[in-house]
Amino acid sequence: MKKSFWVGAAFAVFGTTAISAQNKLSIDKVYSAYLRNSGTIMENNQIKGYFFLYQSDKIDKNTNQYTLQVLDQNLNKVRDIKFEDSKKLSLLEAAYNGNSLSFLFKNEDTKSLEMKVYGIDGKMKYSYGREYDKKTEDLMNRYVTMHTDEGTNQNVFDLGEQGYASVLPVRDGKLRTYQVDYYASQQKKQWTYTPAEDDERYTQAEFLGHTDSLIILEVMKKSRLLSGKMSAHLVGVNFVTKKEAFDIDNENDSYTFVPSAVTKTKDGSNIMVLGNYFEKEANIAKDFSKGLAIYTIDSRGKIISKTYNSWEDDFAKYLPLNSKGKIDNIGFLYIHKLIHAADGKFFIVGEGYKRQANAGGIALTALGAMGGVRTNAGVTKIVVTDMVMMEFNDKFKVTKATIYDKTNNTAVSSNMSDYNSQHAIAAYLKMTGSFDYEFTTGDSDNANFSVCYSDWVRSSEYKGQTFNSIRYNGNKFTTDKIELKSKASSMKVFPAKAGSVMILEYFKKDKRLDLRLEKLG
């Protein structure tokens, strides 16, 4: 179970600075540390430094001072960017694309969303603004109720050196749809893509990834708000031509494919898409999938190849699971990461989650029923379970799977766990940062890599948070673990230079951030 409040976001190397390594840093006068989307600076999969934004002073009753701090990989300060703005300014999300930083702010004074793009030199390059209104009210409500400090970016993503994209939910009367906003970082340019209306009036989109020219989305559609029947689409929006490049809906396929992750093929010429596949007439919101499928497509959406790995026939050789894709004592798998190794192998990092009876919720529900009172307690709860590392050959067929045990931690205990499908629950767990997976680091060609996750241990020897890594050396996997006992109000572990992690602690009473590098193993 995570006890952290920062979320990682990748960006590349800044100008070199001749400062000796110190491996430890304290920052005072940190007035608020619930800020989101501080993160790591990376180049070719290697850690080069860190950035974070915090409230550093109170100017007057209406104005705060904010500081954007940039550090190198040894925790030396590289840049301090300070600015003043309304106390009603709140940072929603941030991203880095290789040559600039972007921050999406909500300004309650002006009722606007503001995207500010900064260069590596700390100077603001461009500022984009737009009012928020009833159409984006759902987005505002989501940030208030669901965008926790442990959550991941929901709406703002980097597109490489070209710029950034935001994928926003939009409500227009009874219509539920989405829009994609593009923000350039090399010149001042912004445009909006809105999908064409169709018979499916309730649509939601999730960002899966990008190429040099495409924004790739998973789009779920249904005709009625309360309908459980949905259709899944893989949509590509070309941010050069500003037009939809493809919409793959499986209408002519033998199975229904629900995409969940994308990556480029090893040579970069095509796109590999991973997701669950279902019987053609299955209800993807309620029914169980048959297994995992891997599609290879080109930039126009033409399907080049399809590979299916079924729970019953393929994964059952390596994992104790049933035909419904549920692994004994683990539950369903959420896919966090796709990794192409230098030796041609292909790895998928998964984490388990499952629904369990909630004794406390059952008791409260029974008492509420006796008293005629409705409660928000669920009779079931969702627990996050173990890590699973799956290995595939160059034909994308599974050849091995290994379970890495960790403590089962309760992620959801409200009544939402009673009624939502496993797919909706997985999306919620990802959004709120309830999974224990943290990040993956390694060589630029993934000849060596480490998959890192947190855990909350309850044993006679130790009780508290641990940080764990599953390390691949090109031949075999080994594991490392460090204990993270601390008196800090909040704590987060970041990736660091080879063999280390960076630990950040916030001491709320002292208004202080402590950062240090610590060796793994």
# chains A, B, ... in the order shown; residues from 1 in each chain; ligands from 1

$ select_by_dssp --residues "range 166-217 of chain A" --states "strand (DSSP E or B)" --output "PyMOL selection string"
chain A and resi 166-172+175-184+190-193+202-210+214-217

$ closest_atom_pairs --of "range 221-324 of chain A" --to "range 338-360 of chain A" --cutoff "8 Å" --atoms "only C-alpha atoms" --output "CSV"
residue,atom,partner,partner_atom,distance
A:Ala261,CA,A:Leu338,CA,7.7
A:Val262,CA,A:Leu338,CA,7.9
A:Thr263,CA,A:Leu338,CA,7.2
A:Lys266,CA,A:His340,CA,7.0

$ closest_atom_pairs --of "range 384-477 of chain A" --to "range 192-211 of chain A" --cutoff "12 Å" --atoms "only C-alpha atoms" --output "Markdown table"
| residue | atom | partner | partner_atom | distance |
| --- | --- | --- | --- | --- |
| A:Ala424 | CA | A:Gln204 | CA | 11.9 |
| A:Ala427 | CA | A:Glu206 | CA | 9.6 |
| A:Lys430 | CA | A:Glu206 | CA | 11.7 |
| A:Met431 | CA | A:Glu206 | CA | 10.9 |

$ write_last_selection --atoms "N, CA and C atoms" --output "mmCIF file, in the first residue's frame"
data_model
loop_
_atom_site.group_PDB
_atom_site.id
_atom_site.type_symbol
_atom_site.label_atom_id
_atom_site.label_comp_id
_atom_site.auth_asym_id
_atom_site.auth_seq_id
_atom_site.Cartn_x
_atom_site.Cartn_y
_atom_site.Cartn_z
ATOM 1 N N ALA A 424 -13.424 -1.475 -14.826
ATOM 2 C CA ALA A 424 -13.663 -0.156 -14.223
ATOM 3 C C ALA A 424 -12.879 -0.013 -12.922
ATOM 4 N N ALA A 427 -9.194 0.667 -13.649
ATOM 5 C CA ALA A 427 -8.990 2.064 -14.059
ATOM 6 C C ALA A 427 -9.000 2.978 -12.842
ATOM 7 N N LYS A 430 -5.707 2.577 -10.860
ATOM 8 C CA LYS A 430 -4.622 3.283 -11.534
ATOM 9 C C LYS A 430 -4.737 4.781 -11.299
ATOM 10 N N MET A 431 -5.955 5.313 -11.431
ATOM 11 C CA MET A 431 -6.167 6.752 -11.315
ATOM 12 C C MET A 431 -5.818 7.273 -9.932
#

$ residues_around --residues "range 305-319 of chain A" --least-positions-apart "4" --cutoff "7 Å" --atoms "only C-alpha atoms" --output "list in words"
Lys290, Gly291, Leu292, Ala293, Ile294, Tyr295, Thr296, Ser323, Gly325, Ile327, Phe396, Lys397, Val398, Lys400 and Ala401 of chain A

$ write_last_selection --atoms "N, CA and C atoms" --output "mmCIF file, in the first residue's frame"
data_model
loop_
_atom_site.group_PDB
_atom_site.id
_atom_site.type_symbol
_atom_site.label_atom_id
_atom_site.label_comp_id
_atom_site.auth_asym_id
_atom_site.auth_seq_id
_atom_site.Cartn_x
_atom_site.Cartn_y
_atom_site.Cartn_z
ATOM 1 N N LYS A 290 -10.817 -13.834 -22.478
ATOM 2 C CA LYS A 290 -10.250 -15.138 -22.802
ATOM 3 C C LYS A 290 -8.738 -15.169 -22.597
ATOM 4 N N GLY A 291 -8.112 -13.995 -22.611
ATOM 5 C CA GLY A 291 -6.669 -13.943 -22.448
ATOM 6 C C GLY A 291 -6.127 -12.606 -22.883
ATOM 7 N N LEU A 292 -4.818 -12.559 -23.161
ATOM 8 C CA LEU A 292 -4.156 -11.341 -23.618
ATOM 9 C C LEU A 292 -3.824 -11.471 -25.097
ATOM 10 N N ALA A 293 -4.093 -10.399 -25.835
ATOM 11 C CA ALA A 293 -3.766 -10.358 -27.262
ATOM 12 C C ALA A 293 -2.733 -9.267 -27.504
ATOM 13 N N ILE A 294 -1.882 -9.491 -28.505
ATOM 14 C CA ILE A 294 -0.895 -8.496 -28.916
ATOM 15 C C ILE A 294 -1.075 -8.251 -30.407
ATOM 16 N N TYR A 295 -1.437 -7.020 -30.751
ATOM 17 C CA TYR A 295 -1.604 -6.617 -32.140
ATOM 18 C C TYR A 295 -0.410 -5.778 -32.567
ATOM 19 N N THR A 296 0.021 -5.945 -33.793
ATOM 20 C CA THR A 296 0.994 -5.048 -34.407
ATOM 21 C C THR A 296 0.284 -4.289 -35.513
ATOM 22 N N SER A 323 -10.176 -20.661 -16.185
ATOM 23 C CA SER A 323 -10.496 -20.265 -17.558
ATOM 24 C C SER A 323 -11.005 -18.838 -17.648
ATOM 25 N N GLY A 325 -9.494 -16.338 -16.336
ATOM 26 C CA GLY A 325 -8.360 -15.436 -16.255
ATOM 27 C C GLY A 325 -8.065 -14.951 -14.860
ATOM 28 N N ILE A 327 -6.235 -15.600 -11.352
ATOM 29 C CA ILE A 327 -5.141 -16.389 -10.811
ATOM 30 C C ILE A 327 -5.422 -16.689 -9.345
ATOM 31 N N PHE A 396 5.818 -13.269 -29.653
ATOM 32 C CA PHE A 396 4.825 -12.770 -28.698
ATOM 33 C C PHE A 396 3.999 -13.874 -28.051
ATOM 34 N N LYS A 397 4.562 -15.079 -27.952
ATOM 35 C CA LYS A 397 3.907 -16.164 -27.226
ATOM 36 C C LYS A 397 4.554 -16.291 -25.847
ATOM 37 N N VAL A 398 3.712 -16.461 -24.812
ATOM 38 C CA VAL A 398 4.208 -16.522 -23.448
ATOM 39 C C VAL A 398 5.056 -17.779 -23.254
ATOM 40 N N LYS A 400 7.008 -17.973 -20.030
ATOM 41 C CA LYS A 400 7.286 -18.095 -18.599
ATOM 42 C C LYS A 400 6.494 -17.036 -17.846
ATOM 43 N N ALA A 401 6.162 -17.316 -16.598
ATOM 44 C CA ALA A 401 5.519 -16.327 -15.727
ATOM 45 C C ALA A 401 5.914 -16.628 -14.292
#

$ residues_around --residues "Asn107 in chain A" --least-positions-apart "4" --cutoff "7 Å" --atoms "only C-alpha atoms" --output "mmCIF file with N, CA and C atoms, in the first residue's frame"
data_model
loop_
_atom_site.group_PDB
_atom_site.id
_atom_site.type_symbol
_atom_site.label_atom_id
_atom_site.label_comp_id
_atom_site.auth_asym_id
_atom_site.auth_seq_id
_atom_site.Cartn_x
_atom_site.Cartn_y
_atom_site.Cartn_z
ATOM 1 N N LYS A 88 -5.428 30.796 -5.036
ATOM 2 C CA LYS A 88 -6.416 29.871 -5.574
ATOM 3 C C LYS A 88 -5.895 29.169 -6.825
ATOM 4 N N LEU A 89 -4.608 29.327 -7.081
ATOM 5 C CA LEU A 89 -3.967 28.584 -8.157
ATOM 6 C C LEU A 89 -3.606 27.196 -7.644
ATOM 7 N N SER A 90 -3.979 26.158 -8.380
ATOM 8 C CA SER A 90 -3.626 24.795 -7.971
ATOM 9 C C SER A 90 -3.040 24.044 -9.151
ATOM 10 N N LYS A 111 -11.361 31.438 -13.312
ATOM 11 C CA LYS A 111 -12.144 30.320 -13.839
ATOM 12 C C LYS A 111 -11.524 29.799 -15.141
ATOM 13 N N SER A 112 -10.236 29.529 -15.078
ATOM 14 C CA SER A 112 -9.544 29.104 -16.290
ATOM 15 C C SER A 112 -8.574 27.969 -16.008
ATOM 16 N N LEU A 113 -8.280 27.226 -17.069
ATOM 17 C CA LEU A 113 -7.192 26.255 -17.070
ATOM 18 C C LEU A 113 -6.020 26.894 -17.794
#

$ residues_around --residues "Thr67 in chain A" --least-positions-apart "6" --cutoff "10 Å" --atoms "only C-alpha atoms" --output "PDB file with N, CA and C atoms, in the first residue's frame"
ATOM      1  N   VAL A  30       8.837  24.909   3.089  1.00  0.00           N
ATOM      2  CA  VAL A  30       7.933  24.253   2.140  1.00  0.00           C
ATOM      3  C   VAL A  30       6.543  24.291   2.769  1.00  0.00           C
ATOM      4  N   PHE A  52      10.541  19.393  -9.001  1.00  0.00           N
ATOM      5  CA  PHE A  52       9.303  19.449  -8.231  1.00  0.00           C
ATOM      6  C   PHE A  52       8.923  20.901  -7.979  1.00  0.00           C
ATOM      7  N   LEU A  53       7.627  21.109  -7.836  1.00  0.00           N
ATOM      8  CA  LEU A  53       7.066  22.436  -7.620  1.00  0.00           C
ATOM      9  C   LEU A  53       6.393  22.455  -6.255  1.00  0.00           C
ATOM     10  N   TYR A  54       6.609  23.525  -5.482  1.00  0.00           N
ATOM     11  CA  TYR A  54       5.992  23.595  -4.166  1.00  0.00           C
ATOM     12  C   TYR A  54       5.696  25.053  -3.818  1.00  0.00           C
ATOM     13  N   GLN A  55       4.811  25.254  -2.843  1.00  0.00           N
ATOM     14  CA  GLN A  55       4.525  26.599  -2.342  1.00  0.00           C
ATOM     15  C   GLN A  55       5.624  26.974  -1.361  1.00  0.00           C
ATOM     16  N   SER A  56       6.357  28.047  -1.670  1.00  0.00           N
ATOM     17  CA  SER A  56       7.532  28.405  -0.878  1.00  0.00           C
ATOM     18  C   SER A  56       7.323  29.616   0.023  1.00  0.00           C
ATOM     19  N   ASP A  57       6.206  30.345  -0.140  1.00  0.00           N
ATOM     20  CA  ASP A  57       5.977  31.498   0.724  1.00  0.00           C
ATOM     21  C   ASP A  57       4.528  31.957   0.580  1.00  0.00           C
ATOM     22  N   ARG A  79      18.574  24.675 -10.784  1.00  0.00           N
ATOM     23  CA  ARG A  79      17.815  25.886 -11.024  1.00  0.00           C
ATOM     24  C   ARG A  79      16.713  26.050 -10.001  1.00  0.00           C
ATOM     25  N   ASP A  80      16.469  27.315  -9.633  1.00  0.00           N
ATOM     26  CA  ASP A  80      15.354  27.726  -8.785  1.00  0.00           C
ATOM     27  C   ASP A  80      14.494  28.679  -9.606  1.00  0.00           C
ATOM     28  N   ILE A  81      13.273  28.317  -9.892  1.00  0.00           N
ATOM     29  CA  ILE A  81      12.380  29.195 -10.644  1.00  0.00           C
ATOM     30  C   ILE A  81      11.261  29.608  -9.702  1.00  0.00           C
ATOM     31  N   LYS A  82      11.189  30.893  -9.371  1.00  0.00           N
ATOM     32  CA  LYS A  82      10.172  31.370  -8.439  1.00  0.00           C
ATOM     33  C   LYS A  82       9.178  32.269  -9.175  1.00  0.00           C
ATOM     34  N   PHE A  83       7.910  32.162  -8.792  1.00  0.00           N
ATOM     35  CA  PHE A  83       6.902  33.071  -9.337  1.00  0.00           C
ATOM     36  C   PHE A  83       5.790  33.243  -8.319  1.00  0.00           C
ATOM     37  N   GLU A  84       5.057  34.347  -8.456  1.00  0.00           N
ATOM     38  CA  GLU A  84       3.926  34.639  -7.573  1.00  0.00           C
ATOM     39  C   GLU A  84       2.629  34.510  -8.347  1.00  0.00           C
TER      40      GLU A  84
END

$ closest_residue --among "A:Ser254, A:Gln179, A:Gln187, A:Ser490" --to "Val117 in chain A" --atoms "only C-alpha atoms"
A:Gln187

$ closest_residue --among "A:Tyr96, A:Tyr31, A:Tyr334, A:Phe288" --to "Ser434 in chain A" --atoms "only C-alpha atoms"
A:Tyr334

$ residues_around --residues "Lys229 in chain A" --least-positions-apart "2" --cutoff "8 Å" --atoms "only C-alpha atoms" --output "number ranges by chain"
A: 222, 227, 231, 283-285

$ select_by_dssp --residues "range 265-402 of chain A" --states "helix (DSSP H, G or I)" --output "ChimeraX atom specification"
/A:315-317,359-371

$ write_last_selection --atoms "N, CA and C atoms" --output "PDB file, in the first residue's frame"
ATOM      1  N   PHE A 315      -1.416 -19.368 -20.571  1.00  0.00           N
ATOM      2  CA  PHE A 315      -0.939 -18.926 -19.266  1.00  0.00           C
ATOM      3  C   PHE A 315      -1.064 -20.004 -18.199  1.00  0.00           C
ATOM      4  N   ALA A 316      -2.013 -20.921 -18.361  1.00  0.00           N
ATOM      5  CA  ALA A 316      -2.216 -21.978 -17.365  1.00  0.00           C
ATOM      6  C   ALA A 316      -1.002 -22.904 -17.242  1.00  0.00           C
ATOM      7  N   LYS A 317      -0.117 -22.893 -18.223  1.00  0.00           N
ATOM      8  CA  LYS A 317       1.108 -23.696 -18.148  1.00  0.00           C
ATOM      9  C   LYS A 317       2.080 -23.130 -17.109  1.00  0.00           C
ATOM     10  N   ALA A 359     -16.012  -7.739   5.838  1.00  0.00           N
ATOM     11  CA  ALA A 359     -16.775  -8.032   7.053  1.00  0.00           C
ATOM     12  C   ALA A 359     -17.347  -6.762   7.681  1.00  0.00           C
ATOM     13  N   GLY A 360     -16.527  -5.705   7.747  1.00  0.00           N
ATOM     14  CA  GLY A 360     -16.997  -4.456   8.331  1.00  0.00           C
ATOM     15  C   GLY A 360     -18.112  -3.837   7.523  1.00  0.00           C
ATOM     16  N   GLY A 361     -17.975  -3.880   6.189  1.00  0.00           N
ATOM     17  CA  GLY A 361     -19.012  -3.331   5.318  1.00  0.00           C
ATOM     18  C   GLY A 361     -20.308  -4.098   5.404  1.00  0.00           C
ATOM     19  N   ILE A 362     -20.203  -5.414   5.530  1.00  0.00           N
ATOM     20  CA  ILE A 362     -21.415  -6.241   5.666  1.00  0.00           C
ATOM     21  C   ILE A 362     -22.154  -5.874   6.943  1.00  0.00           C
ATOM     22  N   ALA A 363     -21.387  -5.706   8.033  1.00  0.00           N
ATOM     23  CA  ALA A 363     -22.019  -5.357   9.312  1.00  0.00           C
ATOM     24  C   ALA A 363     -22.687  -3.989   9.253  1.00  0.00           C
ATOM     25  N   LEU A 364     -21.997  -2.992   8.678  1.00  0.00           N
ATOM     26  CA  LEU A 364     -22.567  -1.652   8.580  1.00  0.00           C
ATOM     27  C   LEU A 364     -23.794  -1.627   7.683  1.00  0.00           C
ATOM     28  N   THR A 365     -23.742  -2.381   6.584  1.00  0.00           N
ATOM     29  CA  THR A 365     -24.885  -2.435   5.675  1.00  0.00           C
ATOM     30  C   THR A 365     -26.089  -3.058   6.359  1.00  0.00           C
ATOM     31  N   ALA A 366     -25.843  -4.124   7.138  1.00  0.00           N
ATOM     32  CA  ALA A 366     -26.938  -4.778   7.863  1.00  0.00           C
ATOM     33  C   ALA A 366     -27.545  -3.840   8.909  1.00  0.00           C
ATOM     34  N   LEU A 367     -26.679  -3.123   9.633  1.00  0.00           N
ATOM     35  CA  LEU A 367     -27.182  -2.172  10.635  1.00  0.00           C
ATOM     36  C   LEU A 367     -27.952  -1.042   9.980  1.00  0.00           C
ATOM     37  N   GLY A 368     -27.444  -0.586   8.826  1.00  0.00           N
ATOM     38  CA  GLY A 368     -28.131   0.485   8.113  1.00  0.00           C
ATOM     39  C   GLY A 368     -29.493   0.054   7.623  1.00  0.00           C
ATOM     40  N   ALA A 369     -29.566  -1.194   7.135  1.00  0.00           N
ATOM     41  CA  ALA A 369     -30.849  -1.712   6.652  1.00  0.00           C
ATOM     42  C   ALA A 369     -31.861  -1.824   7.791  1.00  0.00           C
ATOM     43  N   MET A 370     -31.392  -2.227   8.953  1.00  0.00           N
ATOM     44  CA  MET A 370     -32.289  -2.345  10.111  1.00  0.00           C
ATOM     45  C   MET A 370     -32.827  -0.978  10.535  1.00  0.00           C
ATOM     46  N   GLY A 371     -31.974   0.047  10.379  1.00  0.00           N
ATOM     47  CA  GLY A 371     -32.391   1.383  10.791  1.00  0.00           C
ATOM     48  C   GLY A 371     -32.947   2.214   9.659  1.00  0.00           C
TER      49      GLY A 371
END

$ residues_around --residues "Leu520 in chain A" --least-positions-apart "2" --cutoff "9 Å" --atoms "only C-alpha atoms" --output "JSON list (two decimals) with C-alpha atoms, in the first residue's frame"
[["chain", "number", "residue", "atom", "x", "y", "z"],
["A", 468, "ASN", "CA", 11.45, -3.66, -3.64],
["A", 469, "SER", "CA", 13.09, -4.28, -7.00],
["A", 480, "ASP", "CA", 16.35, -6.51, -3.58],
["A", 481, "LYS", "CA", 14.52, -4.82, -0.71],
["A", 482, "ILE", "CA", 15.09, -1.87, 1.63],
["A", 499, "GLY", "CA", 22.03, 0.65, -8.04],
["A", 500, "SER", "CA", 20.35, 3.40, -6.01],
["A", 501, "VAL", "CA", 17.02, 5.04, -5.25],
["A", 518, "GLU", "CA", 20.33, 5.24, -0.90]]

$ atom_distance --atom1 "CA of Thr410 in chain A" --atom2 "CA of Pro169 in chain A"
28.4 Å

$ atom_distance --atom1 "CA of Val493 in chain A" --atom2 "CA of Gly331 in chain A"
26.7 Å
